[in-house]
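Structure below is final_33.cif: mmCIF, C-alpha atoms.
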```
data_input
#
loop_
_atom_site.label_atom_id
_atom_site.label_comp_id
_atom_site.auth_asym_id
_atom_site.auth_seq_id
_atom_site.Cartn_x
_atom_site.Cartn_y
_atom_site.Cartn_z
CA MET Z 26 2.08 15.85 -16.03
CA ARG Z 27 5.84 15.71 -15.70
CA ARG Z 28 7.81 16.31 -12.54
CA ARG Z 29 11.48 16.53 -11.86
CA TRP Z 30 13.61 14.40 -9.57
CA ALA Z 31 16.48 16.31 -7.91
CA GLY Z 32 16.28 18.98 -10.61
CA GLU Z 33 16.54 16.53 -13.51
CA CYS Z 34 13.77 15.26 -15.70
CA VAL Z 35 13.10 11.68 -14.69
CA GLU Z 36 13.01 10.63 -18.33
CA GLN Z 37 16.46 12.13 -18.91
CA ARG Z 38 17.89 10.35 -15.87
CA ASP Z 39 16.28 6.98 -16.52
CA GLY Z 40 16.12 6.97 -20.30
CA PRO Z 41 13.10 7.20 -22.58
CA CYS Z 42 9.73 7.11 -20.95
CA ASN Z 43 6.65 5.74 -22.66
CA ALA Z 44 4.29 6.82 -19.90
CA SER Z 45 1.76 9.55 -20.45
CA PHE Z 46 2.78 11.08 -17.10
CA CYS Z 47 5.50 10.71 -14.52
CA PHE Z 48 5.77 11.93 -10.97
CA GLU Z 49 8.05 11.41 -8.03
CA ILE Z 50 7.24 9.82 -4.71
CA PRO Z 51 9.38 11.38 -1.99
CA GLY Z 52 12.05 8.94 -0.86
CA SER Z 53 11.57 6.63 -3.82
CA PRO Z 54 13.99 6.36 -6.72
CA ALA Z 55 11.43 4.51 -8.81
CA ARG Z 56 9.64 6.40 -11.56
CA VAL Z 57 5.90 5.89 -11.43
CA GLY Z 58 4.23 5.99 -14.81
CA ALA Z 59 0.95 5.07 -16.41
CA MET Z 60 2.45 2.26 -18.45
CA ASN Z 61 4.25 0.45 -15.62
CA ASN Z 62 3.18 -3.02 -14.55
CA PRO Z 63 2.41 -3.13 -10.79
CA GLU Z 64 4.46 -6.29 -10.26
CA THR Z 65 7.40 -4.72 -12.12
CA GLN Z 66 7.05 -1.69 -9.84
CA LEU Z 67 7.21 -3.96 -6.78
CA ALA Z 68 10.41 -5.55 -8.09
CA ALA Z 69 11.90 -2.12 -8.84
CA LEU Z 70 11.18 -1.19 -5.22
CA GLY Z 71 12.97 -4.33 -4.05
CA LEU Z 72 9.73 -5.82 -2.72
CA VAL Z 73 8.39 -9.33 -3.15
CA LEU Z 74 4.78 -10.29 -2.55
CA PRO Z 75 4.51 -12.71 0.36
CA PRO Z 76 2.22 -15.71 0.23
CA PRO Z 77 -1.34 -14.45 0.76
CA PRO Z 78 -2.20 -14.49 4.46
CA ALA Z 79 -4.87 -16.98 5.42
CA ALA Z 80 -8.03 -15.82 7.11
CA ALA Z 81 -7.65 -15.97 10.87
CA GLY Z 82 -11.34 -16.32 11.68
CA SER Z 83 -14.80 -16.78 10.22
CA TYR Z 84 -14.27 -14.67 7.10
CA VAL Z 85 -12.58 -14.81 3.69
CA PRO Z 86 -9.57 -12.68 2.65
CA SER Z 87 -11.51 -10.92 -0.12
CA VAL Z 88 -14.93 -10.66 -1.73
CA ARG Z 89 -15.64 -9.44 -5.23
CA THR Z 90 -18.95 -7.85 -6.10
CA GLY Z 91 -19.31 -6.35 -9.57
CA ASN Z 92 -16.11 -4.50 -10.37
CA LEU Z 93 -15.07 -3.99 -6.72
CA LEU Z 94 -12.80 -6.21 -4.65
CA TYR Z 95 -13.17 -5.76 -0.89
CA CYS Z 96 -10.14 -6.96 1.05
CA ALA Z 97 -10.29 -7.99 4.70
CA GLY Z 98 -7.91 -6.37 7.13
CA THR Z 99 -4.30 -7.51 7.03
CA LEU Z 100 -1.66 -7.30 9.72
CA PRO Z 101 2.10 -6.62 9.44
CA ILE Z 102 3.12 -10.25 9.05
CA VAL Z 103 6.33 -11.38 7.34
CA ASP Z 104 7.35 -15.05 7.18
CA GLY Z 105 4.44 -15.98 9.43
CA ARG Z 106 5.28 -13.62 12.29
CA LEU Z 107 4.19 -10.14 13.30
CA THR Z 108 6.86 -7.59 12.50
CA HIS Z 109 5.46 -4.80 14.69
CA THR Z 110 3.52 -5.16 17.92
CA GLY Z 111 2.44 -2.73 20.57
CA PRO Z 112 1.04 0.78 20.46
CA VAL Z 113 2.52 3.74 18.65
CA GLY Z 114 3.48 6.32 21.22
CA ARG Z 115 4.83 3.72 23.64
CA GLU Z 116 6.45 0.66 22.02
CA GLN Z 117 6.47 1.97 18.43
CA THR Z 118 7.25 5.31 16.78
CA VAL Z 119 5.31 6.97 13.97
CA GLU Z 120 8.09 5.84 11.59
CA SER Z 121 8.03 2.19 12.70
CA GLY Z 122 4.22 2.32 12.63
CA ALA Z 123 4.40 3.47 9.00
CA LYS Z 124 6.65 0.46 8.23
CA ALA Z 125 4.01 -1.75 9.87
CA ALA Z 126 1.31 -0.19 7.67
CA GLU Z 127 3.48 -0.78 4.59
CA ALA Z 128 3.82 -4.47 5.54
CA CYS Z 129 0.02 -4.62 5.91
CA ALA Z 130 -0.40 -3.13 2.43
CA LEU Z 131 2.02 -5.67 0.94
CA ASN Z 132 -0.06 -8.47 2.49
CA THR Z 133 -3.19 -6.85 1.07
CA LEU Z 134 -1.60 -6.87 -2.40
CA ALA Z 135 -0.83 -10.58 -1.94
CA ASN Z 136 -4.54 -11.18 -1.28
CA VAL Z 137 -5.46 -9.08 -4.32
CA LYS Z 138 -3.16 -11.14 -6.56
CA ALA Z 139 -4.57 -14.37 -5.12
CA ALA Z 140 -8.11 -13.19 -5.85
CA LEU Z 141 -7.49 -11.76 -9.33
CA GLY Z 142 -4.50 -13.72 -10.63
CA SER Z 143 -2.56 -10.55 -11.44
CA LEU Z 144 -2.16 -7.03 -10.04
CA ASP Z 145 -2.59 -5.83 -13.64
CA ARG Z 146 -6.32 -6.34 -13.17
CA VAL Z 147 -6.47 -3.52 -10.61
CA ALA Z 148 -7.95 -0.42 -12.23
CA ARG Z 149 -7.47 1.70 -9.09
CA VAL Z 150 -7.29 1.66 -5.32
CA VAL Z 151 -10.65 3.09 -4.22
CA PHE Z 152 -10.56 3.22 -0.42
CA VAL Z 153 -8.23 2.34 2.45
CA SER Z 154 -9.18 1.96 6.11
CA GLY Z 155 -6.16 2.08 8.37
CA PHE Z 156 -6.18 1.24 12.06
CA VAL Z 157 -3.31 2.19 14.34
CA ASN Z 158 -2.79 0.59 17.74
CA ALA Z 159 -1.89 3.71 19.72
CA VAL Z 160 -1.77 5.32 23.13
CA ASP Z 161 -4.75 7.36 24.31
CA GLY Z 162 -4.95 10.73 22.60
CA PHE Z 163 -2.67 9.75 19.68
CA ALA Z 164 -3.34 12.18 16.83
CA ASP Z 165 -0.86 11.07 14.13
CA SER Z 166 -2.75 8.10 12.66
CA PRO Z 167 -2.63 9.63 9.14
CA ALA Z 168 1.20 9.72 9.24
CA VAL Z 169 1.29 6.04 10.22
CA ILE Z 170 -1.18 4.91 7.54
CA ASN Z 171 0.80 6.86 4.94
CA GLY Z 172 3.06 3.80 4.98
CA ALA Z 173 0.27 1.85 3.26
CA SER Z 174 -0.99 4.71 1.10
CA ASP Z 175 2.48 5.55 -0.20
CA LEU Z 176 3.09 1.91 -1.16
CA PHE Z 177 -0.14 1.79 -3.16
CA VAL Z 178 0.90 4.95 -5.05
CA ARG Z 179 4.42 3.64 -5.68
CA VAL Z 180 2.95 0.41 -7.10
CA PHE Z 181 -0.06 1.75 -9.07
CA GLY Z 182 0.90 5.38 -9.80
CA GLU Z 183 -2.05 7.77 -9.98
CA ALA Z 184 -4.42 4.78 -9.83
CA GLY Z 185 -3.06 4.12 -6.34
CA ARG Z 186 -4.38 7.41 -4.95
CA HIS Z 187 -7.46 6.69 -2.86
CA ALA Z 188 -9.94 7.93 -0.29
CA ARG Z 189 -8.99 6.91 3.23
CA ALA Z 190 -9.76 6.71 6.92
CA ALA Z 191 -6.92 6.52 9.47
CA VAL Z 192 -8.08 5.76 12.99
CA ALA Z 193 -6.24 5.25 16.27
CA VAL Z 194 -7.55 2.40 18.41
CA ASN Z 195 -6.61 0.93 21.78
CA GLY Z 196 -5.82 -2.52 20.46
CA LEU Z 197 -5.63 -4.69 17.35
CA PRO Z 198 -5.61 -8.47 16.79
CA ARG Z 199 -2.53 -10.20 18.23
CA GLY Z 200 -1.28 -6.83 19.52
CA ALA Z 201 -0.38 -5.69 16.00
CA THR Z 202 0.70 -2.08 15.53
CA ALA Z 203 -1.40 -1.56 12.39
CA GLU Z 204 -4.14 -3.12 10.28
CA VAL Z 205 -5.16 -2.14 6.76
CA GLN Z 206 -8.35 -2.86 4.81
CA ALA Z 207 -8.81 -1.80 1.19
CA VAL Z 208 -11.26 -1.69 -1.70
CA PHE Z 209 -10.02 -2.02 -5.29
CA GLU Z 210 -11.71 -1.36 -8.63
CA VAL Z 211 -11.14 -4.33 -10.94
CA ARG Z 212 -10.81 -4.47 -14.74
CA GLY Z 213 -12.83 -7.13 -16.49
#
```

Now that the file is in, can you turn its structure into structure tokens?
Amino acid sequence: MRRRWAGECVEQRDGPCNASFCFEIPGSPARVGAMNNPETQLAALGLVLPPPPAAAGSYVPSVRTGNLLYCAGTLPIVDGRLTHTGPVGREQTVESGAKAAEACALNTLANVKAALGSLDRVARVVFVSGFVNAVDGFADSPAVINGASDLFVRVFGEAGRHARAAVAVNGLPRGATAEVQAVFEVRG
């Protein structure tokens, strides 16, 4: 499948493409193709994996069973501090909540790399559970958790598309705005 970016073929704009498909992610200048390395994609997006967050309780950051890697929930933490606190609809907007979810996803990827040694071992993102700290009656949880989902697609291409739950809750650990859990299929 080939898509166009601003009316031009992505391959024409960016040079030859060796991928078997290309598609655009709205708001992202990066081409997403089947042959791209996930860590190269992160660099192209100007993102750096943080150190993997330590478990904050009686659990481990991830558990592998068979070819599935289950990742514990991660919060929007950068340089050891929460980047977004408080509920969406009062202290945060849908847009800032989506940035919080993206930070959660980046921390999840750090845990994946710590568990597997390389993001290249991810065959696909299988499932994402997203929790949004929100005011009563908040109905836009999917728009907030798109921050995490969109990052996974920008990093893994089609293999980043996943099943998902996006749920509004009345509170999250440490007052965080979002929390993301994920399940990954692993190669080898």

### Ground truth for the PyMOL selection byres ((chain Z and resi 112) around 7), written as a ChimeraX atom specification
/Z:110-111,113-117,158-160,202

### Query
Hey, can you check how far atom CA of Z:Gly200 sits from atom CA of Z:Cys96?
20.5 Å

### Query
From the set Z:Thr90, Z:Ser121, Z:Asn61, Z:Thr133, which residue has the shortest atom-to-atom contact distance to Z:Val157, counting only C-alpha atoms?
Z:Ser121

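Taking all atoms listed in the file into account, Z:Asn136 lies nearest to Z:Ala97 out of the set Z:Ala97, Z:Ala201, Z:Ala81, Z:Ala188.
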
### Task
Compile the contact shell of Z:Pro63 as a VMD selection string: residues with an atom at most 6 Å away, counting all atoms listed in the file, same-chain residues fewer than 2 positions apart removed.
chain Z and resid 65 to 66 180 to 181

### Summary
Shortest contact to Z:Gly185, candidates Z:Ala148, Z:Lys124, Z:Ala140, Z:Gly213, atoms counted only C-alpha atoms, goes to Z:Ala148

### Task
Find the distance between atom CA of Z:Cys129 and atom CA of Z:Arg189 and write it in Å to one decimal.
14.9 Å

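Distances here use all atoms listed in the file; by that measure, the residue among Z:Arg179, Z:Arg199, Z:Lys138, Z:His187 closest to Z:Pro76 is Z:Lys138.
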
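Between atom CA of Z:Gly182 and atom CA of Z:Leu107 the interatomic distance comes to 28.0 Å.
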
## Note on the structure
Residue with the minimum atom-to-atom distance to Z:Ser166, picked from Z:Thr118, Z:Gln206, Z:Asn132, Z:Ser143 with all atoms listed in the file counted, is Z:Thr118

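What the PyMOL selection byres ((chain Z and resi 144) around 9) matches in the given file is Asn62, Pro63, Glu64, Leu134, Ala135, Val137, Lys138, Leu141, Gly142, Ser143, Asp145, Arg146 and Val147 of chain Z.
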
### Task
For Z:Ala207, please output as a ChimeraX atom specification all residues within 9 Å (counting all atoms listed in the file; exclusion window: fewer than 2 positions along the same chain).
/Z:94-98,130,133,150-155,189,205,209
